[in-house]
$ cat final-v9.txt   # compact mmCIF, C-alpha atoms and all ligand atoms
# COMPACT_ATOMS: atom_id res chain seq x y z
CA MET A 179 -9.14 -22.12 4.02
CA GLY A 180 -7.76 -23.52 7.25
CA PRO A 181 -4.21 -24.89 7.47
CA LEU A 182 -5.43 -28.49 7.29
CA GLU A 183 -6.78 -27.99 3.82
CA PHE A 184 -3.29 -27.80 2.30
CA GLU A 185 -0.77 -30.49 1.46
CA PRO A 186 2.99 -30.34 1.82
CA GLY A 187 4.75 -31.10 -1.53
CA LEU A 188 5.70 -29.04 -4.57
CA ASP A 189 3.37 -31.11 -6.78
CA TYR A 190 0.49 -29.81 -4.74
CA ALA A 191 1.66 -26.21 -5.31
CA HIS A 192 1.70 -26.87 -9.05
CA ARG A 193 -1.84 -28.19 -8.79
CA LEU A 194 -2.92 -24.97 -7.09
CA ASP A 195 -1.33 -23.03 -9.94
CA GLU A 196 -3.22 -25.09 -12.49
CA GLU A 197 -6.49 -24.26 -10.77
CA ASP A 198 -5.61 -20.58 -10.42
CA GLU A 199 -7.92 -18.35 -12.47
CA LEU A 200 -5.40 -15.51 -12.40
CA ALA A 201 -2.37 -17.58 -13.42
CA SER A 202 -2.26 -16.10 -16.92
CA PHE A 203 -1.84 -12.58 -15.53
CA ARG A 204 1.81 -13.40 -14.85
CA GLU A 205 2.36 -12.94 -18.56
CA ALA A 206 1.36 -9.30 -18.24
CA PHE A 207 4.59 -8.61 -16.31
CA VAL A 208 8.29 -8.52 -17.08
CA PHE A 209 10.26 -11.41 -15.62
CA ALA A 210 13.88 -10.53 -16.34
CA GLU A 211 15.42 -13.18 -14.06
CA ALA A 212 13.67 -16.49 -14.53
CA ASP A 213 14.65 -18.14 -11.26
CA MET A 214 14.30 -15.11 -9.00
CA ILE A 215 11.35 -15.27 -6.63
CA TYR A 216 10.11 -11.76 -6.03
CA LEU A 217 8.31 -11.32 -2.73
CA ASP A 218 8.41 -7.57 -2.43
CA GLY A 219 5.52 -6.51 -4.63
CA ASN A 220 4.09 -4.83 -1.52
CA SER A 221 7.00 -2.39 -1.66
CA LEU A 222 7.62 -2.05 -5.39
CA GLY A 223 5.35 -3.88 -7.80
CA ARG A 224 6.73 -5.57 -10.90
CA LEU A 225 6.93 -3.81 -14.24
CA PRO A 226 3.84 -4.48 -16.40
CA ARG A 227 4.83 -5.27 -19.98
CA ARG A 228 2.45 -2.71 -21.44
CA THR A 229 4.04 0.03 -19.37
CA VAL A 230 7.24 -0.33 -21.39
CA GLY A 231 5.48 0.58 -24.65
CA ARG A 232 3.39 3.27 -23.01
CA LEU A 233 6.47 4.98 -21.60
CA ARG A 234 8.29 4.71 -24.92
CA THR A 235 5.39 6.49 -26.64
CA ALA A 236 5.19 9.07 -23.87
CA VAL A 237 8.89 9.84 -24.13
CA GLU A 238 9.50 9.58 -27.86
CA GLN A 239 6.26 10.93 -29.28
CA GLU A 240 4.51 12.96 -26.61
CA TRP A 241 7.56 14.60 -25.13
CA GLY A 242 10.03 14.15 -28.00
CA ARG A 243 7.77 15.27 -30.83
CA ASP A 244 4.71 17.00 -29.37
CA LEU A 245 6.60 18.92 -26.71
CA ILE A 246 4.46 21.57 -24.99
CA ARG A 247 1.44 20.56 -27.09
CA GLY A 248 1.26 17.45 -24.92
CA TRP A 249 -0.50 19.44 -22.19
CA ASN A 250 -3.50 19.94 -24.44
CA ALA A 251 -3.33 16.38 -25.73
CA GLY A 252 -4.02 14.54 -22.49
CA TRP A 253 -1.41 15.59 -19.94
CA TRP A 254 -3.51 18.26 -18.27
CA GLU A 255 -6.34 15.82 -17.49
CA ALA A 256 -4.07 12.89 -16.62
CA SER A 257 -4.24 13.33 -12.83
CA ALA A 258 -8.02 13.26 -12.84
CA ARG A 259 -8.33 10.58 -15.52
CA VAL A 260 -5.98 8.18 -13.76
CA GLY A 261 -7.60 9.08 -10.46
CA GLU A 262 -10.94 7.83 -11.82
CA LYS A 263 -9.35 4.50 -12.69
CA ILE A 264 -8.04 4.15 -9.16
CA ALA A 265 -11.48 5.14 -7.86
CA LEU A 266 -12.89 2.00 -9.51
CA LEU A 267 -10.67 -0.07 -7.22
CA LEU A 268 -11.66 1.86 -4.12
CA GLY A 269 -15.44 1.82 -4.39
CA ALA A 270 -15.43 5.57 -4.97
CA GLY A 271 -17.89 7.30 -7.27
CA PRO A 272 -16.60 9.83 -9.81
CA GLY A 273 -15.08 13.16 -8.82
CA GLN A 274 -13.53 12.09 -5.53
CA VAL A 275 -10.09 10.67 -6.34
CA VAL A 276 -7.09 12.35 -7.99
CA VAL A 277 -3.52 11.31 -8.51
CA SER A 278 -1.19 13.81 -6.90
CA ASP A 279 2.03 14.31 -4.96
CA THR A 280 3.13 11.50 -2.63
CA THR A 281 1.31 9.57 0.06
CA SER A 282 3.06 11.44 2.85
CA ILE A 283 2.35 14.83 1.30
CA ASN A 284 -1.28 13.95 0.69
CA LEU A 285 -1.56 12.80 4.28
CA PHE A 286 -0.19 16.16 5.39
CA LYS A 287 -2.57 18.07 3.14
CA LEU A 288 -5.64 16.18 4.33
CA ALA A 289 -4.68 15.94 8.00
CA MET A 290 -4.15 19.70 8.20
CA VAL A 291 -7.56 20.55 6.76
CA ALA A 292 -9.27 17.82 8.79
CA LEU A 293 -7.86 19.36 11.96
CA GLU A 294 -8.99 22.77 10.77
CA MET A 295 -12.47 21.41 10.15
CA ARG A 296 -12.62 19.90 13.64
CA ALA A 297 -11.10 22.91 15.41
CA GLY A 298 -11.88 22.77 19.12
CA ARG A 299 -11.06 19.07 19.35
CA ASP A 300 -7.49 18.37 20.36
CA ARG A 301 -6.81 14.69 19.76
CA ILE A 302 -5.52 12.69 16.83
CA VAL A 303 -5.92 8.93 17.22
CA SER A 304 -3.59 6.51 15.46
CA ASP A 305 -1.73 3.37 16.48
CA VAL A 306 1.77 2.12 17.19
CA LEU A 307 1.65 -0.13 14.12
CA ASN A 308 1.22 2.76 11.71
CA PHE A 309 3.81 3.55 9.08
CA PRO A 310 6.33 5.80 10.88
CA SER A 311 6.26 8.45 8.14
CA ASP A 312 2.54 8.89 8.80
CA LEU A 313 3.28 9.51 12.47
CA TYR A 314 6.08 11.96 11.63
CA ILE A 315 3.71 13.88 9.38
CA LEU A 316 1.13 14.06 12.18
CA GLN A 317 3.77 15.17 14.69
CA GLY A 318 4.78 17.89 12.22
CA CYS A 319 1.15 19.00 11.78
CA ILE A 320 0.80 19.33 15.54
CA ARG A 321 3.96 21.43 15.76
CA LEU A 322 2.76 23.72 12.95
CA LEU A 323 -0.50 24.20 14.81
CA GLY A 324 1.37 25.41 17.90
CA ASP A 325 1.38 22.12 19.81
CA SER A 326 -2.35 22.41 20.11
CA HIS A 327 -3.10 18.70 19.66
CA GLN A 328 -2.16 15.44 21.26
CA LEU A 329 -1.30 12.36 19.20
CA HIS A 330 -2.74 9.30 20.90
CA LEU A 331 -1.23 6.03 19.70
CA VAL A 332 -3.30 2.98 20.50
CA PRO A 333 -1.00 0.17 21.67
CA SER A 334 -0.74 -3.36 20.34
CA GLU A 335 -0.62 -6.29 22.75
CA ASP A 336 0.98 -8.70 20.30
CA GLU A 337 2.90 -6.34 17.95
CA MET A 338 0.63 -7.62 15.18
CA THR A 339 -2.90 -6.43 15.75
CA VAL A 340 -4.85 -3.69 17.50
CA ASP A 341 -7.78 -4.67 19.65
CA GLN A 342 -10.92 -3.03 18.28
CA GLU A 343 -12.39 -2.29 21.71
CA THR A 344 -9.20 -0.57 22.85
CA LEU A 345 -9.22 1.52 19.70
CA PHE A 346 -12.90 2.39 20.11
CA ASP A 347 -12.31 3.46 23.70
CA ALA A 348 -9.60 5.84 22.50
CA ILE A 349 -11.97 7.57 20.07
CA ASP A 350 -14.12 10.07 21.92
CA GLU A 351 -15.60 13.57 21.78
CA ARG A 352 -12.13 15.11 22.02
CA THR A 353 -11.03 13.30 18.86
CA ALA A 354 -10.67 15.45 15.76
CA LEU A 355 -9.16 12.83 13.49
CA VAL A 356 -8.66 9.07 13.40
CA THR A 357 -5.96 8.08 10.96
CA LEU A 358 -4.67 4.56 10.45
CA SER A 359 -3.15 2.32 7.82
CA HIS A 360 -5.87 0.05 6.47
CA VAL A 361 -3.27 -2.72 6.24
CA VAL A 362 -0.33 -2.16 8.58
CA PHE A 363 3.09 -2.30 7.01
CA LYS A 364 4.86 -4.77 9.27
CA SER A 365 2.40 -7.48 10.30
CA GLY A 366 -0.11 -7.05 7.48
CA PHE A 367 -2.96 -6.60 10.00
CA LEU A 368 -6.13 -5.46 8.21
CA TYR A 369 -8.55 -3.15 9.97
CA ASP A 370 -12.31 -3.35 9.74
CA ALA A 371 -12.35 0.08 8.13
CA GLU A 372 -16.12 0.28 8.00
CA ALA A 373 -16.52 -0.34 11.74
CA VAL A 374 -13.75 2.08 12.69
CA THR A 375 -15.18 4.77 10.42
CA GLU A 376 -18.61 4.28 11.96
CA ARG A 377 -17.21 4.56 15.46
CA ALA A 378 -15.35 7.78 14.59
CA HIS A 379 -18.49 9.27 13.10
CA GLU A 380 -20.54 8.38 16.17
CA VAL A 381 -18.46 10.86 18.17
CA GLY A 382 -18.10 13.39 15.36
CA ALA A 383 -14.48 12.67 14.41
CA LEU A 384 -13.16 12.54 10.85
CA VAL A 385 -11.36 9.50 9.45
CA LEU A 386 -8.36 9.41 7.13
CA TRP A 387 -7.30 5.98 5.88
CA ASP A 388 -3.87 5.24 4.45
CA LEU A 389 -4.46 2.62 1.75
CA GLY A 390 -0.78 2.15 0.87
CA HIS A 391 -0.78 -1.59 1.50
CA SER A 392 -4.37 -2.28 0.52
CA ALA A 393 -5.03 -0.45 -2.77
CA GLY A 394 -5.17 -3.00 -5.57
CA VAL A 395 -5.16 -6.08 -3.36
CA VAL A 396 -7.83 -5.69 -0.67
CA PRO A 397 -11.40 -4.67 -1.52
CA VAL A 398 -12.03 -1.08 -0.44
CA GLU A 399 -15.48 0.54 -0.39
CA LEU A 400 -14.83 4.17 0.45
CA ASP A 401 -18.30 5.43 -0.47
CA ARG A 402 -20.21 2.60 1.14
CA TRP A 403 -18.15 2.83 4.33
CA ASP A 404 -18.79 6.59 4.37
CA VAL A 405 -15.06 7.31 4.65
CA ASP A 406 -14.13 10.99 4.86
CA LEU A 407 -10.59 11.02 3.53
CA ALA A 408 -8.03 8.57 2.18
CA VAL A 409 -4.56 8.51 0.67
CA GLY A 410 -2.42 5.77 -0.82
CA CYS A 411 0.47 4.92 -3.07
CA THR A 412 0.56 3.43 -6.52
CA TYR A 413 3.99 1.79 -6.68
CA LYS A 414 3.03 -1.20 -4.51
CA TYR A 415 0.18 -3.49 -5.61
CA LEU A 416 -0.80 -1.03 -8.35
CA ASN A 417 2.58 -1.52 -10.06
CA GLY A 418 3.04 2.13 -11.02
CA GLY A 419 6.84 2.06 -10.76
CA PRO A 420 9.43 3.62 -8.43
CA GLY A 421 8.34 7.01 -7.17
CA ALA A 422 4.97 6.79 -8.94
CA PRO A 423 2.63 9.54 -7.75
CA ALA A 424 0.13 8.87 -4.98
CA PHE A 425 -3.64 9.39 -4.84
CA LEU A 426 -6.06 11.04 -2.50
CA TYR A 427 -9.79 10.68 -1.88
CA VAL A 428 -12.04 13.36 -0.44
CA ARG A 429 -15.70 12.50 -0.02
CA ARG A 430 -17.76 14.75 -2.25
CA ASP A 431 -19.65 16.61 0.47
CA LEU A 432 -16.41 17.56 2.25
CA GLN A 433 -14.64 18.97 -0.78
CA GLU A 434 -16.16 22.44 -0.53
CA ALA A 435 -15.00 22.97 3.04
CA LEU A 436 -11.43 21.72 2.64
CA SER A 437 -8.72 23.59 0.81
CA PRO A 438 -5.22 22.43 1.73
CA ILE A 439 -2.48 23.88 -0.53
CA TRP A 440 -3.34 26.68 -2.89
CA GLY A 441 -1.48 26.06 -6.12
CA TRP A 442 -2.15 26.91 -9.75
CA PHE A 443 -3.31 23.38 -10.67
CA GLY A 444 -6.14 23.86 -8.20
CA GLN A 445 -7.03 27.28 -9.60
CA ARG A 446 -10.27 27.72 -11.54
CA ALA A 447 -8.55 29.25 -14.58
CA PRO A 448 -4.81 28.85 -14.15
CA PHE A 449 -3.95 30.36 -17.52
CA ASP A 450 -5.64 33.62 -16.65
CA PHE A 451 -2.68 34.10 -14.32
CA ASP A 452 -4.83 36.09 -11.95
CA LEU A 453 -3.05 37.28 -8.82
CA GLU A 454 -5.73 35.95 -6.45
CA TYR A 455 -6.40 32.29 -5.83
CA ASP A 456 -9.84 31.32 -7.10
CA ARG A 457 -10.43 27.73 -6.27
CA ALA A 458 -11.48 25.15 -8.85
CA GLU A 459 -14.67 23.19 -8.18
CA GLY A 460 -14.62 19.73 -6.72
CA ILE A 461 -11.68 17.37 -6.33
CA ALA A 462 -9.56 19.45 -8.74
CA HIS A 463 -8.57 21.94 -6.06
CA PHE A 464 -6.73 19.19 -4.19
CA LEU A 465 -4.14 19.31 -6.97
CA VAL A 466 -1.24 21.65 -6.37
CA SER A 467 1.16 21.94 -9.30
CA SER A 468 2.85 20.24 -12.28
CA PRO A 469 2.50 16.49 -11.83
CA PRO A 470 5.12 13.90 -12.86
CA ILE A 471 3.52 13.25 -16.25
CA LEU A 472 5.68 10.31 -17.30
CA SER A 473 4.96 8.45 -14.07
CA THR A 474 1.29 9.36 -14.20
CA LEU A 475 0.95 8.02 -17.75
CA ALA A 476 2.85 4.86 -16.79
CA LEU A 477 0.14 4.15 -14.24
CA GLU A 478 -2.65 3.72 -16.78
CA PRO A 479 -1.66 0.39 -18.33
CA ALA A 480 -0.68 -0.88 -14.88
CA LEU A 481 -4.14 -0.08 -13.52
CA ASP A 482 -5.79 -1.69 -16.54
CA VAL A 483 -4.18 -5.00 -15.61
CA VAL A 484 -5.53 -4.78 -12.05
CA LEU A 485 -8.99 -3.75 -13.26
CA GLN A 486 -9.08 -6.56 -15.78
CA ALA A 487 -8.30 -9.15 -13.11
CA GLY A 488 -10.89 -7.60 -10.79
CA ILE A 489 -10.42 -6.88 -7.11
CA ASP A 490 -12.62 -9.76 -5.91
CA ARG A 491 -10.62 -12.37 -7.78
CA ILE A 492 -7.40 -10.71 -6.65
CA ARG A 493 -8.52 -10.81 -3.01
CA HIS A 494 -9.61 -14.43 -3.35
CA LYS A 495 -6.20 -15.46 -4.62
CA SER A 496 -4.45 -13.26 -2.09
CA VAL A 497 -6.19 -15.01 0.80
CA HIS A 498 -5.41 -18.38 -0.76
CA LEU A 499 -1.72 -17.48 -1.22
CA THR A 500 -1.21 -16.05 2.26
CA SER A 501 -3.09 -18.95 3.88
CA TYR A 502 -0.93 -21.43 1.98
CA LEU A 503 2.23 -19.56 2.96
CA ILE A 504 1.17 -19.57 6.62
CA TYR A 505 0.52 -23.30 6.41
CA LEU A 506 4.06 -23.81 5.08
CA VAL A 507 5.55 -21.44 7.67
CA GLU A 508 3.84 -23.34 10.47
CA THR A 509 4.83 -26.77 9.22
CA VAL A 510 8.33 -26.06 7.86
CA LEU A 511 9.74 -22.88 9.40
CA VAL A 512 8.33 -22.68 12.92
CA PRO A 513 10.27 -25.84 13.88
CA LEU A 514 13.42 -23.96 12.76
CA GLY A 515 12.90 -21.07 15.16
CA PHE A 516 10.63 -18.78 13.12
CA VAL A 517 7.61 -17.09 14.64
CA LEU A 518 4.66 -16.00 12.53
CA GLY A 519 4.39 -12.21 12.66
CA SER A 520 1.03 -11.88 10.91
CA PRO A 521 -2.57 -12.67 11.90
CA THR A 522 -3.75 -16.20 11.12
CA ASP A 523 -7.32 -15.05 10.45
CA PRO A 524 -7.48 -14.06 6.77
CA ALA A 525 -10.19 -11.51 7.56
CA GLN A 526 -7.53 -9.64 9.56
CA ARG A 527 -4.76 -9.88 6.99
CA GLY A 528 -3.65 -8.06 3.86
CA SER A 529 -1.43 -9.65 1.24
CA HIS A 530 1.94 -9.83 2.97
CA VAL A 531 3.08 -12.15 5.71
CA SER A 532 5.85 -11.42 8.19
CA ILE A 533 7.98 -14.13 9.65
CA ARG A 534 10.20 -13.32 12.57
CA HIS A 535 13.53 -14.83 13.45
CA ARG A 536 16.34 -13.71 15.76
CA GLU A 537 18.65 -13.88 12.72
CA GLY A 538 16.07 -12.30 10.41
CA TYR A 539 18.39 -9.69 8.93
CA ARG A 540 21.19 -12.10 8.08
CA ILE A 541 18.70 -14.65 6.73
CA SER A 542 17.19 -11.99 4.46
CA GLN A 543 20.71 -11.13 3.23
CA VAL A 544 21.43 -14.76 2.31
CA LEU A 545 18.08 -15.01 0.54
CA ILE A 546 18.92 -12.00 -1.61
CA GLU A 547 22.62 -12.74 -2.19
CA GLU A 548 22.62 -16.49 -2.68
CA MET A 549 19.14 -17.93 -2.92
CA GLY A 550 17.36 -15.85 -5.55
CA VAL A 551 14.58 -14.81 -3.17
CA LEU A 552 13.79 -11.11 -2.78
CA PRO A 553 11.79 -10.32 0.36
CA ASP A 554 12.40 -7.26 2.51
CA PHE A 555 13.33 -6.79 6.11
CA ARG A 556 11.70 -4.64 8.76
CA GLU A 557 13.30 -4.09 12.16
CA PRO A 558 13.87 -5.71 14.50
CA ASP A 559 13.47 -9.23 13.13
CA ASN A 560 10.72 -9.30 10.47
CA ILE A 561 11.23 -10.81 7.06
CA ARG A 562 8.29 -9.59 5.02
CA LEU A 563 6.99 -11.82 2.27
CA GLY A 564 4.72 -9.89 -0.07
CA LEU A 565 2.43 -11.99 -2.24
CA ALA A 566 1.14 -10.19 -5.32
CA PRO A 567 -1.79 -12.22 -6.68
CA LEU A 568 -1.28 -11.03 -10.24
CA TYR A 569 2.17 -12.56 -10.55
CA THR A 570 3.09 -14.62 -7.49
CA SER A 571 2.53 -18.35 -8.05
CA PHE A 572 1.86 -21.05 -5.47
CA ALA A 573 4.99 -22.87 -6.68
CA GLU A 574 7.03 -19.74 -5.93
CA VAL A 575 5.62 -19.67 -2.41
CA TRP A 576 6.59 -23.31 -1.90
CA GLU A 577 10.05 -22.77 -3.40
CA ALA A 578 10.67 -19.63 -1.33
CA VAL A 579 9.82 -21.43 1.91
CA ASP A 580 12.10 -24.27 0.90
CA ARG A 581 14.97 -21.85 0.21
CA ILE A 582 14.40 -20.13 3.58
CA ARG A 583 14.45 -23.57 5.20
CA ARG A 584 17.80 -24.34 3.59
CA VAL A 585 19.35 -21.04 4.71
CA VAL A 586 18.54 -21.86 8.31
CA ALA A 587 19.06 -25.63 8.23
CA GLU A 588 22.49 -25.16 6.60
CA ARG A 589 23.25 -22.13 8.79
CA ARG A 590 24.31 -20.16 5.78
CA TYR A 591 23.65 -16.86 7.51
CA LEU A 592 26.62 -17.37 9.85
CA ARG A 593 28.93 -16.18 7.07
CA TYR A 594 27.30 -12.74 7.08
CA PHE A 595 28.18 -9.93 9.45
CA PRO A 596 25.45 -9.39 11.99
CA GLY A 597 24.24 -5.93 12.81
CA LYS A 598 25.36 -3.84 9.84
CA ARG A 599 22.35 -2.84 7.71
CA LEU A 600 22.17 -1.62 4.14
CA GLY A 601 20.64 1.83 3.55
CA VAL A 602 17.46 0.33 2.09
CA THR A 603 16.33 -2.97 3.57
C1 LIG A 701 4.47 2.77 1.41
C2 LIG A 701 3.68 3.54 2.37
C3 LIG A 701 3.81 4.93 2.44
C4 LIG A 701 4.83 5.61 1.57
O1 LIG A 701 4.75 6.97 1.57
P1 LIG A 701 5.51 7.82 0.45
O2 LIG A 701 5.08 9.19 0.76
O3 LIG A 701 5.09 7.30 -0.88
O4 LIG A 701 6.99 7.61 0.62
C5 LIG A 701 3.00 5.61 3.33
N1 LIG A 701 2.12 4.96 4.12
C6 LIG A 701 1.98 3.62 4.07
C7 LIG A 701 0.98 2.92 4.93
C8 LIG A 701 2.76 2.88 3.20
O5 LIG A 701 2.62 1.55 3.15
$ encode --input "final-v9.txt" --output "structure tokens"
Amino acid sequence: MGPLEFEPGLDYAHRLDEEDELASFREAFVFAEADMIYLDGNSLGRLPRRTVGRLRTAVEQEWGRDLIRGWNAGWWEASARVGEKIALLLGAGPGQVVVSDTTSINLFKLAMVALEMRAGRDRIVSDVLNFPSDLYILQGCIRLLGDSHQLHLVPSEDEMTVDQETLFDAIDERTALVTLSHVVFKSGFLYDAEAVTERAHEVGALVLWDLGHSAGVVPVELDRWDVDLAVGCTYKYLNGGPGAPAFLYVRRDLQEALSPIWGWFGQRAPFDFDLEYDRAEGIAHFLVSSPPILSTLALEPALDVVLQAGIDRIRHKSVHLTSYLIYLVETVLVPLGFVLGSPTDPAQRGSHVSIRHREGYRISQVLIEEMGVLPDFREPDNIRLGLAPLYTSFAEVWEAVDRIRRVVAERRYLRYFPGKRLGVT
């Protein structure tokens, strides 16, 4: 799908919607404001309709009526059960994925035990495009280990991508762990996870992928790629809701050797209340303690929608949507001073597209305040446009670009104060 294969007008966008196999999935989500174009599903996915009923049942019947009995009526197994649903989207066989904690905490848990497993090696390889929280977590791990390791961040020439050869050169016999975001949060750059994993294994390093921006929208094949460890969140393309719990993956043959936080949910028989930790078998011992049951239950209907659509169809539409958006950016917005901040090759791109403009922050404010477009903003000048294939239409993409065009052509942003940022952008 090269840029020349698209046409400019809104009629054409409607035609693409008519041909879209996933168009009917929009009806599975709540649209409370009819004219609002939501382009931040990569940060907080929309509310699936079925989640509303599921949460009502969970609150009124399971909590309200069943009370403590709920633990024996499905709550205790929820983390594993929902984990298996996520596993279906990640190409992971049973017994390797659980829902638990948050992405950052899971990263900490798995990074610490990976470094323990590769004791004697003193390098962690990541990149400058990684999600800062991931880098903070790694810096904290290094401090806890007595400053024993060095965090090597592979640079980016273009602030969008990382050159594979440069990355491969950085991974050597000193490397204990390679940890990267599969899709990077700002530019949407998508790694060839299989090739990177293979390279790490060639020199005996472990790999930990952060799937935050890829789970539910980019095909992932953890088993086939022979990935060691992975983490990711469920409130983005998996539509689990604000603060929904995260997931972790540990390849089966590594589970025995790794044992991050010893808590009672990872104990073989927690209700024996034995004073010594006796680890549960398998992926269960990567759980720590009481999970957020309401949020975990809310995930199930959300995942069912994604599974029903199927990851291949989702990816197909995602590539189509982002390619169409890039076509419109290049033809409509670049002449107005925008610069594309995402790779043009769809094989190197997740499902969000960044556009950069000197006045990016003020433009994003006008879009939110006046234009009914909800993107997000990432410093210093990136407006991120997240396209969620299950509910973003081609007409919305066209309309959003047209509204962005008007903000700049009419210089509407001049009425906003430059510089001052909201707490959450
Ligand atoms: C969203 C995101 C996170 C978020 O981490 P939390 O612990 O859920 O706050 C982490 N890593 C990546 C790559 C993300 O996109």
$ residues_around --input "final-v9.txt" --residues "Gln328 in chain A" --least-positions-apart "3" --cutoff "12 Å" --atoms "only C-alpha atoms" --output "PyMOL selection string"
chain A and resi 293+299-304+313+316-321+323-325+331+352-355
$ write_last_selection --input "final-v9.txt" --atoms "C-alpha atoms" --output "JSON list (two decimals), in the frame of the given file"
[["chain", "number", "residue", "atom", "x", "y", "z"],
["A", 293, "LEU", "CA", -7.86, 19.36, 11.96],
["A", 299, "ARG", "CA", -11.06, 19.07, 19.35],
["A", 300, "ASP", "CA", -7.49, 18.37, 20.36],
["A", 301, "ARG", "CA", -6.81, 14.69, 19.76],
["A", 302, "ILE", "CA", -5.52, 12.69, 16.83],
["A", 303, "VAL", "CA", -5.92, 8.93, 17.22],
["A", 304, "SER", "CA", -3.59, 6.51, 15.46],
["A", 313, "LEU", "CA", 3.28, 9.51, 12.47],
["A", 316, "LEU", "CA", 1.13, 14.06, 12.18],
["A", 317, "GLN", "CA", 3.77, 15.17, 14.69],
["A", 318, "GLY", "CA", 4.78, 17.89, 12.22],
["A", 319, "CYS", "CA", 1.15, 19.00, 11.78],
["A", 320, "ILE", "CA", 0.80, 19.33, 15.54],
["A", 321, "ARG", "CA", 3.96, 21.43, 15.76],
["A", 323, "LEU", "CA", -0.50, 24.20, 14.81],
["A", 324, "GLY", "CA", 1.37, 25.41, 17.90],
["A", 325, "ASP", "CA", 1.38, 22.12, 19.81],
["A", 331, "LEU", "CA", -1.23, 6.03, 19.70],
["A", 352, "ARG", "CA", -12.13, 15.11, 22.02],
["A", 353, "THR", "CA", -11.03, 13.30, 18.86],
["A", 354, "ALA", "CA", -10.67, 15.45, 15.76],
["A", 355, "LEU", "CA", -9.16, 12.83, 13.49]]
$ closest_residue --input "final-v9.txt" --among "A:Ser334, A:Thr229, A:Asn250, A:Thr357" --to "ligand LIG 701 (chain A)" --atoms "only C-alpha atoms and all ligand atoms"
A:Thr357
$ residues_near_ligand --input "final-v9.txt" --ligand "ligand LIG 701 (chain A)" --cutoff "9 Å" --atoms "all atoms listed in the file" --output "PyMOL selection string"
chain A and resi 220-222+279-285+308-312+358-363+387-392+409-414+421-424
$ residues_around --input "final-v9.txt" --residues "range 265-271 of chain A" --least-positions-apart "2" --cutoff "8 Å" --atoms "all atoms listed in the file" --output "PDB file with C-alpha atoms, keeping the file's coordinate frame"
ATOM      1  CA  GLY A 261      -7.600   9.080 -10.460  1.00  0.00           C
ATOM      2  CA  GLU A 262     -10.940   7.830 -11.820  1.00  0.00           C
ATOM      3  CA  LYS A 263      -9.350   4.500 -12.690  1.00  0.00           C
ATOM      4  CA  GLY A 273     -15.080  13.160  -8.820  1.00  0.00           C
ATOM      5  CA  GLN A 274     -13.530  12.090  -5.530  1.00  0.00           C
ATOM      6  CA  VAL A 275     -10.090  10.670  -6.340  1.00  0.00           C
ATOM      7  CA  ALA A 393      -5.030  -0.450  -2.770  1.00  0.00           C
ATOM      8  CA  GLY A 394      -5.170  -3.000  -5.570  1.00  0.00           C
ATOM      9  CA  PRO A 397     -11.400  -4.670  -1.520  1.00  0.00           C
ATOM     10  CA  VAL A 398     -12.030  -1.080  -0.440  1.00  0.00           C
ATOM     11  CA  GLU A 399     -15.480   0.540  -0.390  1.00  0.00           C
ATOM     12  CA  LEU A 400     -14.830   4.170   0.450  1.00  0.00           C
ATOM     13  CA  ASP A 401     -18.300   5.430  -0.470  1.00  0.00           C
ATOM     14  CA  ARG A 402     -20.210   2.600   1.140  1.00  0.00           C
ATOM     15  CA  LEU A 485      -8.990  -3.750 -13.260  1.00  0.00           C
ATOM     16  CA  ILE A 489     -10.420  -6.880  -7.110  1.00  0.00           C
TER      17      ILE A 489
END
$ residues_around --input "final-v9.txt" --residues "Arg457 in chain A" --least-positions-apart "6" --cutoff "8 Å" --atoms "only C-alpha atoms" --output "PDB file with C-alpha atoms, in the frame of the given file"
ATOM      1  CA  TRP A 440      -3.340  26.680  -2.890  1.00  0.00           C
ATOM      2  CA  GLY A 444      -6.140  23.860  -8.200  1.00  0.00           C
ATOM      3  CA  GLN A 445      -7.030  27.280  -9.600  1.00  0.00           C
ATOM      4  CA  ARG A 446     -10.270  27.720 -11.540  1.00  0.00           C
ATOM      5  CA  HIS A 463      -8.570  21.940  -6.060  1.00  0.00           C
TER       6      HIS A 463
END
$ closest_residue --input "final-v9.txt" --among "A:Val484, A:Leu503, A:Ala578, A:Val332" --to "Arg204 in chain A" --atoms "only C-alpha atoms"
A:Val484
$ closest_residue --input "final-v9.txt" --among "A:Val306, A:Val356, A:Leu600, A:Val551" --to "Val340 in chain A" --atoms "all atoms listed in the file"
A:Val306
$ closest_residue --input "final-v9.txt" --among "A:Glu343, A:Glu337, A:Glu577, A:Asp523" --to "Asp559 in chain A" --atoms "all atoms listed in the file"
A:Glu337
$ atom_distance --input "final-v9.txt" --atom1 "CA of Leu386 in chain A" --atom2 "CA of Asp406 in chain A"
6.4 Å
